[in-house]
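Structure file coords-v9.pdb (PDB, C-alpha atoms and all ligand atoms) follows.
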ATOM      1  CA  MET A   1      38.158  29.438  -1.697  1.00  0.00           C
ATOM      2  CA  ASN A   2      37.884  25.684  -1.317  1.00  0.00           C
ATOM      3  CA  ALA A   3      34.392  24.273  -0.806  1.00  0.00           C
ATOM      4  CA  ILE A   4      35.660  21.876   1.852  1.00  0.00           C
ATOM      5  CA  THR A   5      36.441  24.774   4.201  1.00  0.00           C
ATOM      6  CA  HIS A   6      32.774  25.667   4.279  1.00  0.00           C
ATOM      7  CA  LEU A   7      31.263  22.354   5.227  1.00  0.00           C
ATOM      8  CA  PRO A   8      29.920  22.825   8.759  1.00  0.00           C
ATOM      9  CA  ALA A   9      31.193  19.360   9.724  1.00  0.00           C
ATOM     10  CA  THR A  10      34.684  20.341   8.646  1.00  0.00           C
ATOM     11  CA  ASP A  11      34.507  23.644  10.494  1.00  0.00           C
ATOM     12  CA  ASP A  12      33.666  21.769  13.687  1.00  0.00           C
ATOM     13  CA  LEU A  13      36.465  19.331  13.112  1.00  0.00           C
ATOM     14  CA  PHE A  14      38.970  22.111  12.423  1.00  0.00           C
ATOM     15  CA  ASP A  15      37.836  23.838  15.629  1.00  0.00           C
ATOM     16  CA  ARG A  16      38.442  20.642  17.570  1.00  0.00           C
ATOM     17  CA  ILE A  17      41.878  20.189  16.007  1.00  0.00           C
ATOM     18  CA  ALA A  18      42.894  23.786  16.786  1.00  0.00           C
ATOM     19  CA  ASP A  19      41.654  23.483  20.379  1.00  0.00           C
ATOM     20  CA  ALA A  20      43.536  20.218  20.902  1.00  0.00           C
ATOM     21  CA  LEU A  21      46.757  21.652  19.468  1.00  0.00           C
ATOM     22  CA  ILE A  22      46.585  24.575  21.895  1.00  0.00           C
ATOM     23  CA  GLU A  23      45.599  22.380  24.828  1.00  0.00           C
ATOM     24  CA  SER A  24      48.004  19.459  24.439  1.00  0.00           C
ATOM     25  CA  GLY A  25      49.947  19.816  21.179  1.00  0.00           C
ATOM     26  CA  TYR A  26      48.431  16.724  19.568  1.00  0.00           C
ATOM     27  CA  CYS A  27      45.176  15.008  18.692  1.00  0.00           C
ATOM     28  CA  VAL A  28      43.886  11.604  17.574  1.00  0.00           C
ATOM     29  CA  LEU A  29      40.701  11.747  15.495  1.00  0.00           C
ATOM     30  CA  PRO A  30      38.767   8.655  14.389  1.00  0.00           C
ATOM     31  CA  ASP A  31      36.785   8.875  11.113  1.00  0.00           C
ATOM     32  CA  ALA A  32      38.394  12.198  10.265  1.00  0.00           C
ATOM     33  CA  LEU A  33      38.210  12.400   6.459  1.00  0.00           C
ATOM     34  CA  PRO A  34      35.225  11.639   4.195  1.00  0.00           C
ATOM     35  CA  GLU A  35      34.679   7.899   3.719  1.00  0.00           C
ATOM     36  CA  ASP A  36      34.708   7.990  -0.089  1.00  0.00           C
ATOM     37  CA  LEU A  37      38.001   9.896  -0.097  1.00  0.00           C
ATOM     38  CA  THR A  38      39.542   7.292   2.225  1.00  0.00           C
ATOM     39  CA  ARG A  39      38.154   4.416   0.154  1.00  0.00           C
ATOM     40  CA  ASN A  40      39.568   5.863  -3.088  1.00  0.00           C
ATOM     41  CA  LEU A  41      42.943   6.417  -1.484  1.00  0.00           C
ATOM     42  CA  TYR A  42      42.974   2.844  -0.166  1.00  0.00           C
ATOM     43  CA  HIS A  43      42.129   1.370  -3.600  1.00  0.00           C
ATOM     44  CA  TYR A  44      44.665   3.619  -5.250  1.00  0.00           C
ATOM     45  CA  VAL A  45      47.517   2.589  -2.955  1.00  0.00           C
ATOM     46  CA  GLN A  46      46.513  -1.094  -3.247  1.00  0.00           C
ATOM     47  CA  GLN A  47      47.003  -1.091  -7.011  1.00  0.00           C
ATOM     48  CA  LEU A  48      50.452   0.525  -6.920  1.00  0.00           C
ATOM     49  CA  ASP A  49      53.404  -1.729  -7.814  1.00  0.00           C
ATOM     50  CA  ASP A  50      56.333  -2.517  -5.566  1.00  0.00           C
ATOM     51  CA  ASP A  51      58.421  -0.353  -7.924  1.00  0.00           C
ATOM     52  CA  ASP A  52      56.302   2.674  -7.017  1.00  0.00           C
ATOM     53  CA  PHE A  53      57.688   2.549  -3.476  1.00  0.00           C
ATOM     54  CA  ARG A  54      61.192   3.074  -2.264  1.00  0.00           C
ATOM     55  CA  ARG A  55      62.893   2.201   0.995  1.00  0.00           C
ATOM     56  CA  ALA A  56      62.474   5.014   3.477  1.00  0.00           C
ATOM     57  CA  GLY A  57      65.555   6.795   4.759  1.00  0.00           C
ATOM     58  CA  ILE A  58      66.286   9.128   7.629  1.00  0.00           C
ATOM     59  CA  GLY A  59      67.390  12.770   7.329  1.00  0.00           C
ATOM     60  CA  ARG A  60      67.105  15.081   4.355  1.00  0.00           C
ATOM     61  CA  ASP A  61      69.262  15.629   1.273  1.00  0.00           C
ATOM     62  CA  GLN A  62      72.964  14.950   1.943  1.00  0.00           C
ATOM     63  CA  GLU A  63      72.198  13.583   5.372  1.00  0.00           C
ATOM     64  CA  HIS A  64      69.706  11.130   3.910  1.00  0.00           C
ATOM     65  CA  GLN A  65      70.625   7.570   4.797  1.00  0.00           C
ATOM     66  CA  LEU A  66      69.042   4.166   4.885  1.00  0.00           C
ATOM     67  CA  ASP A  67      69.121   2.354   8.186  1.00  0.00           C
ATOM     68  CA  ARG A  68      67.089  -0.801   8.568  1.00  0.00           C
ATOM     69  CA  ARG A  69      67.633  -0.749  12.339  1.00  0.00           C
ATOM     70  CA  VAL A  70      65.742   2.554  12.619  1.00  0.00           C
ATOM     71  CA  ARG A  71      62.933   2.111  10.127  1.00  0.00           C
ATOM     72  CA  SER A  72      61.956  -0.551   7.646  1.00  0.00           C
ATOM     73  CA  ASP A  73      58.969   0.942   5.830  1.00  0.00           C
ATOM     74  CA  GLU A  74      58.722   1.914   2.160  1.00  0.00           C
ATOM     75  CA  ILE A  75      57.414   5.236   0.928  1.00  0.00           C
ATOM     76  CA  ARG A  76      55.967   7.053  -2.064  1.00  0.00           C
ATOM     77  CA  TRP A  77      55.496  10.830  -2.128  1.00  0.00           C
ATOM     78  CA  LEU A  78      52.071  12.139  -3.175  1.00  0.00           C
ATOM     79  CA  SER A  79      51.700  14.573  -6.035  1.00  0.00           C
ATOM     80  CA  PRO A  80      48.579  16.164  -7.493  1.00  0.00           C
ATOM     81  CA  ASP A  81      48.554  13.950 -10.637  1.00  0.00           C
ATOM     82  CA  LYS A  82      46.019  11.363  -9.606  1.00  0.00           C
ATOM     83  CA  PRO A  83      42.468  12.133  -8.414  1.00  0.00           C
ATOM     84  CA  ALA A  84      42.798  10.004  -5.256  1.00  0.00           C
ATOM     85  CA  GLU A  85      45.998  11.812  -4.294  1.00  0.00           C
ATOM     86  CA  THR A  86      44.610  15.229  -5.238  1.00  0.00           C
ATOM     87  CA  ALA A  87      41.540  14.751  -3.053  1.00  0.00           C
ATOM     88  CA  TYR A  88      43.727  14.006  -0.039  1.00  0.00           C
ATOM     89  CA  LEU A  89      46.075  16.926  -0.758  1.00  0.00           C
ATOM     90  CA  GLU A  90      43.090  19.277  -1.129  1.00  0.00           C
ATOM     91  CA  TRP A  91      41.623  18.182   2.171  1.00  0.00           C
ATOM     92  CA  MET A  92      44.959  18.734   3.884  1.00  0.00           C
ATOM     93  CA  ALA A  93      45.274  22.127   2.161  1.00  0.00           C
ATOM     94  CA  ALA A  94      41.868  23.094   3.547  1.00  0.00           C
ATOM     95  CA  LEU A  95      43.040  22.019   7.002  1.00  0.00           C
ATOM     96  CA  ARG A  96      46.195  24.112   6.545  1.00  0.00           C
ATOM     97  CA  LEU A  97      44.087  27.219   5.901  1.00  0.00           C
ATOM     98  CA  GLY A  98      41.729  26.279   8.731  1.00  0.00           C
ATOM     99  CA  ILE A  99      44.628  26.017  11.180  1.00  0.00           C
ATOM    100  CA  ASN A 100      46.275  29.212   9.954  1.00  0.00           C
ATOM    101  CA  ARG A 101      43.018  31.074  10.360  1.00  0.00           C
ATOM    102  CA  ARG A 102      42.536  29.802  13.911  1.00  0.00           C
ATOM    103  CA  LEU A 103      46.106  29.684  15.222  1.00  0.00           C
ATOM    104  CA  MET A 104      48.086  32.069  12.972  1.00  0.00           C
ATOM    105  CA  LEU A 105      50.806  29.466  12.500  1.00  0.00           C
ATOM    106  CA  GLY A 106      51.723  30.697   9.027  1.00  0.00           C
ATOM    107  CA  LEU A 107      51.910  27.165   7.595  1.00  0.00           C
ATOM    108  CA  PHE A 108      52.860  27.637   3.987  1.00  0.00           C
ATOM    109  CA  ASP A 109      52.772  24.177   2.508  1.00  0.00           C
ATOM    110  CA  TYR A 110      52.243  20.497   3.058  1.00  0.00           C
ATOM    111  CA  GLU A 111      54.154  17.467   1.855  1.00  0.00           C
ATOM    112  CA  CYS A 112      53.227  13.840   2.418  1.00  0.00           C
ATOM    113  CA  HIS A 113      53.993  10.287   1.438  1.00  0.00           C
ATOM    114  CA  PHE A 114      52.330   6.914   1.585  1.00  0.00           C
ATOM    115  CA  ALA A 115      54.151   4.595   3.949  1.00  0.00           C
ATOM    116  CA  ARG A 116      53.879   0.853   3.564  1.00  0.00           C
ATOM    117  CA  TYR A 117      55.130  -1.289   6.418  1.00  0.00           C
ATOM    118  CA  PRO A 118      55.528  -4.891   5.296  1.00  0.00           C
ATOM    119  CA  GLN A 119      54.861  -7.509   7.945  1.00  0.00           C
ATOM    120  CA  GLY A 120      57.437  -7.073  10.729  1.00  0.00           C
ATOM    121  CA  ALA A 121      58.388  -3.496   9.733  1.00  0.00           C
ATOM    122  CA  PHE A 122      58.684  -0.780  12.384  1.00  0.00           C
ATOM    123  CA  TYR A 123      59.971   2.722  12.969  1.00  0.00           C
ATOM    124  CA  ARG A 124      62.008   3.224  16.141  1.00  0.00           C
ATOM    125  CA  ARG A 125      61.406   6.086  18.532  1.00  0.00           C
ATOM    126  CA  HIS A 126      62.255   9.429  16.899  1.00  0.00           C
ATOM    127  CA  LEU A 127      61.318  13.091  16.570  1.00  0.00           C
ATOM    128  CA  ASP A 128      60.163  14.334  13.164  1.00  0.00           C
ATOM    129  CA  ALA A 129      61.946  17.666  13.599  1.00  0.00           C
ATOM    130  CA  PHE A 130      64.581  19.282  15.766  1.00  0.00           C
ATOM    131  CA  GLN A 131      63.968  22.647  17.346  1.00  0.00           C
ATOM    132  CA  GLY A 132      65.553  25.479  15.395  1.00  0.00           C
ATOM    133  CA  ARG A 133      66.717  23.175  12.588  1.00  0.00           C
ATOM    134  CA  THR A 134      63.564  22.559  10.688  1.00  0.00           C
ATOM    135  CA  ASN A 135      60.648  24.003   8.849  1.00  0.00           C
ATOM    136  CA  ARG A 136      58.396  21.077   9.732  1.00  0.00           C
ATOM    137  CA  VAL A 137      55.897  22.352  12.274  1.00  0.00           C
ATOM    138  CA  LEU A 138      53.013  19.888  12.346  1.00  0.00           C
ATOM    139  CA  SER A 139      53.104  16.169  11.574  1.00  0.00           C
ATOM    140  CA  THR A 140      50.067  14.281  10.329  1.00  0.00           C
ATOM    141  CA  VAL A 141      49.501  10.540  10.021  1.00  0.00           C
ATOM    142  CA  TYR A 142      46.399   9.137   8.356  1.00  0.00           C
ATOM    143  CA  TYR A 143      45.688   5.405   8.434  1.00  0.00           C
ATOM    144  CA  LEU A 144      44.177   3.232   5.712  1.00  0.00           C
ATOM    145  CA  ASN A 145      44.054  -0.176   7.430  1.00  0.00           C
ATOM    146  CA  ARG A 146      40.707  -1.916   7.397  1.00  0.00           C
ATOM    147  CA  ASP A 147      39.740  -4.258  10.228  1.00  0.00           C
ATOM    148  CA  TRP A 148      42.932  -3.589  12.135  1.00  0.00           C
ATOM    149  CA  THR A 149      42.879  -4.798  15.728  1.00  0.00           C
ATOM    150  CA  GLU A 150      45.306  -4.608  18.621  1.00  0.00           C
ATOM    151  CA  ALA A 151      46.410  -8.145  17.750  1.00  0.00           C
ATOM    152  CA  ASP A 152      47.812  -6.823  14.433  1.00  0.00           C
ATOM    153  CA  GLY A 153      50.436  -4.720  16.290  1.00  0.00           C
ATOM    154  CA  GLY A 154      51.841  -1.711  14.431  1.00  0.00           C
ATOM    155  CA  GLU A 155      50.595   0.758  17.039  1.00  0.00           C
ATOM    156  CA  LEU A 156      51.876   4.310  17.043  1.00  0.00           C
ATOM    157  CA  LEU A 157      53.185   5.190  20.505  1.00  0.00           C
ATOM    158  CA  ILE A 158      53.399   8.899  21.315  1.00  0.00           C
ATOM    159  CA  TYR A 159      55.572  10.058  24.238  1.00  0.00           C
ATOM    160  CA  ALA A 160      55.283  13.297  26.216  1.00  0.00           C
ATOM    161  CA  ASP A 161      59.012  14.097  25.970  1.00  0.00           C
ATOM    162  CA  GLU A 162      62.486  12.594  25.544  1.00  0.00           C
ATOM    163  CA  GLN A 163      62.563  11.238  29.113  1.00  0.00           C
ATOM    164  CA  ALA A 164      59.166   9.548  29.110  1.00  0.00           C
ATOM    165  CA  ARG A 165      59.220   5.755  29.247  1.00  0.00           C
ATOM    166  CA  GLU A 166      55.478   5.158  29.140  1.00  0.00           C
ATOM    167  CA  PRO A 167      53.577   6.483  26.137  1.00  0.00           C
ATOM    168  CA  LEU A 168      50.968   9.218  26.415  1.00  0.00           C
ATOM    169  CA  GLU A 169      48.979   7.558  23.694  1.00  0.00           C
ATOM    170  CA  ARG A 170      48.824   4.184  21.910  1.00  0.00           C
ATOM    171  CA  VAL A 171      47.144   4.627  18.556  1.00  0.00           C
ATOM    172  CA  ILE A 172      45.731   1.641  16.697  1.00  0.00           C
ATOM    173  CA  PRO A 173      46.281   2.410  12.998  1.00  0.00           C
ATOM    174  CA  THR A 174      42.666   1.890  11.955  1.00  0.00           C
ATOM    175  CA  SER A 175      41.382   3.239   8.666  1.00  0.00           C
ATOM    176  CA  GLY A 176      40.021   6.775   9.068  1.00  0.00           C
ATOM    177  CA  THR A 177      42.088   7.746  12.117  1.00  0.00           C
ATOM    178  CA  LEU A 178      44.056  10.971  11.740  1.00  0.00           C
ATOM    179  CA  VAL A 179      46.844  11.904  14.159  1.00  0.00           C
ATOM    180  CA  ILE A 180      48.267  15.427  14.284  1.00  0.00           C
ATOM    181  CA  PHE A 181      51.103  16.583  16.533  1.00  0.00           C
ATOM    182  CA  LEU A 182      53.765  19.277  16.895  1.00  0.00           C
ATOM    183  CA  SER A 183      56.729  17.871  14.954  1.00  0.00           C
ATOM    184  CA  ASP A 184      59.519  18.971  17.312  1.00  0.00           C
ATOM    185  CA  ARG A 185      57.788  18.070  20.539  1.00  0.00           C
ATOM    186  CA  PHE A 186      56.660  14.460  20.635  1.00  0.00           C
ATOM    187  CA  PRO A 187      58.982  11.476  20.309  1.00  0.00           C
ATOM    188  CA  HIS A 188      57.052   8.583  18.773  1.00  0.00           C
ATOM    189  CA  GLU A 189      57.545   5.097  17.383  1.00  0.00           C
ATOM    190  CA  VAL A 190      55.773   2.482  15.292  1.00  0.00           C
ATOM    191  CA  LEU A 191      55.735  -1.019  16.791  1.00  0.00           C
ATOM    192  CA  PRO A 192      56.362  -3.963  14.425  1.00  0.00           C
ATOM    193  CA  ALA A 193      53.357  -4.494  12.187  1.00  0.00           C
ATOM    194  CA  GLY A 194      51.752  -7.935  12.288  1.00  0.00           C
ATOM    195  CA  ARG A 195      50.613  -7.528   8.685  1.00  0.00           C
ATOM    196  CA  GLU A 196      50.996  -4.962   5.916  1.00  0.00           C
ATOM    197  CA  ARG A 197      50.284  -1.516   7.366  1.00  0.00           C
ATOM    198  CA  LEU A 198      49.411   1.528   5.243  1.00  0.00           C
ATOM    199  CA  SER A 199      49.472   5.191   6.205  1.00  0.00           C
ATOM    200  CA  VAL A 200      49.925   8.643   4.746  1.00  0.00           C
ATOM    201  CA  THR A 201      52.458  10.661   6.712  1.00  0.00           C
ATOM    202  CA  GLY A 202      52.870  14.370   6.097  1.00  0.00           C
ATOM    203  CA  TRP A 203      54.196  17.648   7.401  1.00  0.00           C
ATOM    204  CA  TYR A 204      52.963  21.194   7.369  1.00  0.00           C
ATOM    205  CA  ARG A 205      55.903  23.531   6.921  1.00  0.00           C
ATOM    206  CA  VAL A 206      56.739  27.152   7.431  1.00  0.00           C
ATOM    207  CA  ASN A 207      59.054  28.905   5.029  1.00  0.00           C
ATOM    208  CA  ASN A 208      62.317  29.542   6.881  1.00  0.00           C
ATOM    209  CA  SER A 209      64.317  30.357   3.786  1.00  0.00           C
ATOM    210  CA  ILE A 210      66.237  33.560   3.261  1.00  0.00           C
ATOM    211  CA  GLY A 211      66.937  35.577   0.145  1.00  0.00           C
ATOM    212  CA  GLY A 212      63.458  35.041  -1.232  1.00  0.00           C
ATOM    213  CA  LEU A 213      64.118  31.391  -2.031  1.00  0.00           C
ATOM    214  CA  ILE A 214      61.478  28.929  -1.030  1.00  0.00           C
ATOM    215  CA  ASP A 215      62.715  25.886   0.861  1.00  0.00           C
ATOM    216  CA  PRO A 216      62.860  22.908  -1.496  1.00  0.00           C
ATOM    217  CA  PRO A 217      60.378  20.094  -0.859  1.00  0.00           C
ATOM    218  CA  HIS A 218      61.402  17.054   1.205  1.00  0.00           C
TER     219      HIS A 218
HETATM  220  C1  LIG B   1      56.825   8.871  10.332  1.00  0.00           C
HETATM  221  C2  LIG B   1      56.009   8.254  11.414  1.00  0.00           C
HETATM  222  C3  LIG B   1      54.029   7.099  12.144  1.00  0.00           C
HETATM  223  C4  LIG B   1      53.006   6.109  11.682  1.00  0.00           C
HETATM  224  O1  LIG B   1      56.649   8.468   9.157  1.00  0.00           O
HETATM  225  O2  LIG B   1      57.649   9.767  10.629  1.00  0.00           O
HETATM  226  O3  LIG B   1      56.338   8.490  12.553  1.00  0.00           O
HETATM  227  O4  LIG B   1      52.176   5.731  12.531  1.00  0.00           O
HETATM  228  N1  LIG B   1      54.918   7.518  11.120  1.00  0.00           N
HETATM  229  O5  LIG B   1      53.020   5.678  10.527  1.00  0.00           O
HETATM  230 MN    MN B   2      57.591  10.260  12.680  1.00  0.00          MN
END
Step by step, read the file and then write its structure as structure tokens.
Amino acid sequence: MNAITHLPATDDLFDRIADALIESGYCVLPDALPEDLTRNLYHYVQQLDDDDFRRAGIGRDQEHQLDRRVRSDEIRWLSPDKPAETAYLEWMAALRLGINRRLMLGLFDYECHFARYPQGAFYRRHLDAFQGRTNRVLSTVYYLNRDWTEADGGELLIYADEQAREPLERVIPTSGTLVIFLSDRFPHEVLPAGRERLSVTGWYRVNNSIGGLIDPPH
């Protein structure tokens, strides 16, 4: 049993997340993770080289393609090799158990990557998952940008559905803010960033595989 799941503060937070997911299918939480964890993650991602990132594509496996008109960020998948990455993965694992316990979603794993948007980069309106064709159930985005203001752009716009023209929510990607939403329900987009923009984007998945084989990661 992970110690994080037993911190009262975390229990409260997990309650709030579960309530929001039932109520509206998404939530935006400022100052969500512990400050030292966020600081370590920020310093860790700062010292990575350009070579550690690769251009982000769209679609999985064979369908994977690069399209600069859709998204122009660069990504790096997290793995439990480095303490800063491990701490984040453990926190998200605790949240996975917390959500399963409260909502019985049967989330079986979590995968996530850093995303670096150079100045001017964006991600056009999209869904993270398509109903019936995915094992991605919940999307998470955690921001690492210090002193980010509206003037820096790069807001995440979340829409209620495919038809909506006005966003439900405009999220300023300030360090410490965590966004969680149902992956197949909310179209969303990232407006062009006025300066380098850092986030960790991830997905909780269910295991849809047959024949006892676990779905491969990303
Ligand atoms: C994504 C995404 C949003 C953000 O990577 O799929 O929508 O605010 N990211 O970084
Ligand atoms: Mn997305």
Can you work out which residues are within 6 Å of ligand LIG 1 (chain B), considering all atoms listed in the file, and then hand them over as a PDB file with C-alpha atoms, keeping the file's coordinate frame?
ATOM      1  CA  ASP A 128      60.163  14.334  13.164  1.00  0.00           C
ATOM      2  CA  VAL A 141      49.501  10.540  10.021  1.00  0.00           C
ATOM      3  CA  LEU A 156      51.876   4.310  17.043  1.00  0.00           C
ATOM      4  CA  VAL A 190      55.773   2.482  15.292  1.00  0.00           C
ATOM      5  CA  SER A 199      49.472   5.191   6.205  1.00  0.00           C
ATOM      6  CA  THR A 201      52.458  10.661   6.712  1.00  0.00           C
TER       7      THR A 201
END
Subject >> Exercise answer, 12 Å around ligand MN 2 (chain B) with only C-alpha atoms and all ligand atoms, as number ranges by chain >> reply: A: 56-59, 70-71, 73, 112-113, 115, 122-130, 136, 138-141, 156-159, 179-190, 199-203
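The gap separating CA of Ala94 (chain A) from CA of Leu41 (chain A) is 17.5 Å, in Å to one decimal.
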Can you list what the PyMOL selection byres (((chain A and resi 196) around 7) and not hetatm) grabs from this structure, as a PDB file with C-alpha atoms, keeping the file's coordinate frame?
ATOM      1  CA  ARG A 116      53.879   0.853   3.564  1.00  0.00           C
ATOM      2  CA  TYR A 117      55.130  -1.289   6.418  1.00  0.00           C
ATOM      3  CA  PRO A 118      55.528  -4.891   5.296  1.00  0.00           C
ATOM      4  CA  GLN A 119      54.861  -7.509   7.945  1.00  0.00           C
ATOM      5  CA  ALA A 193      53.357  -4.494  12.187  1.00  0.00           C
ATOM      6  CA  ARG A 195      50.613  -7.528   8.685  1.00  0.00           C
ATOM      7  CA  ARG A 197      50.284  -1.516   7.366  1.00  0.00           C
ATOM      8  CA  LEU A 198      49.411   1.528   5.243  1.00  0.00           C
TER       9      LEU A 198
END
Original post:
Could you write out as a PyMOL selection string the residues that the PyMOL selection byres (((chain A and resi 18-20) around 12) and not hetatm) matches in the shown file?
Top reply: chain A and resi 11-17+21-29+95-105+138+179-182
Write the selection just made, keeping C-alpha atoms, as a compact mmCIF listing (two decimals), in the frame of the given file?
# COMPACT_ATOMS: atom_id res chain seq x y z
CA ASP A 11 34.51 23.64 10.49
CA ASP A 12 33.67 21.77 13.69
CA LEU A 13 36.47 19.33 13.11
CA PHE A 14 38.97 22.11 12.42
CA ASP A 15 37.84 23.84 15.63
CA ARG A 16 38.44 20.64 17.57
CA ILE A 17 41.88 20.19 16.01
CA LEU A 21 46.76 21.65 19.47
CA ILE A 22 46.58 24.58 21.90
CA GLU A 23 45.60 22.38 24.83
CA SER A 24 48.00 19.46 24.44
CA GLY A 25 49.95 19.82 21.18
CA TYR A 26 48.43 16.72 19.57
CA CYS A 27 45.18 15.01 18.69
CA VAL A 28 43.89 11.60 17.57
CA LEU A 29 40.70 11.75 15.50
CA LEU A 95 43.04 22.02 7.00
CA ARG A 96 46.20 24.11 6.54
CA LEU A 97 44.09 27.22 5.90
CA GLY A 98 41.73 26.28 8.73
CA ILE A 99 44.63 26.02 11.18
CA ASN A 100 46.28 29.21 9.95
CA ARG A 101 43.02 31.07 10.36
CA ARG A 102 42.54 29.80 13.91
CA LEU A 103 46.11 29.68 15.22
CA MET A 104 48.09 32.07 12.97
CA LEU A 105 50.81 29.47 12.50
CA LEU A 138 53.01 19.89 12.35
CA VAL A 179 46.84 11.90 14.16
CA ILE A 180 48.27 15.43 14.28
CA PHE A 181 51.10 16.58 16.53
CA LEU A 182 53.76 19.28 16.90
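Selection result for the displayed file, with the PyMOL selection byres (((chain A and resi 176) around 7) and not hetatm) as criterion, is Pro30, Asp31, Ala32, Leu33, Thr38, Tyr142, Tyr143, Leu144, Thr174, Ser175, Thr177 and Leu178 of chain A.
Picture a line from CA of Phe114 (chain A) to CA of Arg55 (chain A); it runs 11.6 Å.
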Can you tell me, as AutoDock Vina command-line options, the centre and edge lengths (Å, one decimal) of the axis-aligned box enclosing all of region 42-48 of chain A's listed atoms after padding each side by 3 Å?
--center_x 46.3 --center_y 1.3 --center_z -3.6 --size_x 14.3 --size_y 10.7 --size_z 12.8
Original post:
What would the list of residues within 12 Å of (49.9, 3.1, 28.7) (file frame) look like as a count of residues only, if only C-alpha atoms are what count?
Top reply: 14
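Rounded to one decimal, CA of Ala93 (chain A) and CA of Pro34 (chain A) lie 14.7 Å from each other.
Considering only C-alpha atoms, the residue among A:Pro173, A:Arg205, A:Arg133, A:Gly120 positioned nearest to Pro192 (chain A) is A:Gly120.
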Subject >> Using all atoms listed in the file: which of A:Asp161, A:Gly132, A:Trp77, A:Ala151 has the shortest distance to Arg54 (chain A) >> reply: A:Trp77
Original post:
Which neighbours of Val206 (chain A) fall inside 10 Å, counting only C-alpha atoms, when residues of the same chain fewer than 2 positions from it are skipped, and could you give them as number ranges by chain?
Top reply: A: 105-110, 134-138, 203-204, 208-209, 214-215
Subject >> Counting all atoms listed in the file, the residue of A:Leu191, A:Ala9, A:Leu78, A:Ala121 that sits nearest Tyr44 (chain A) >> reply: A:Leu78
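For the choices A:Gly194, A:Glu111, A:Pro83, A:His43, the atom-to-atom distance to Thr149 (chain A) is smallest for A:Gly194 when using only C-alpha atoms.
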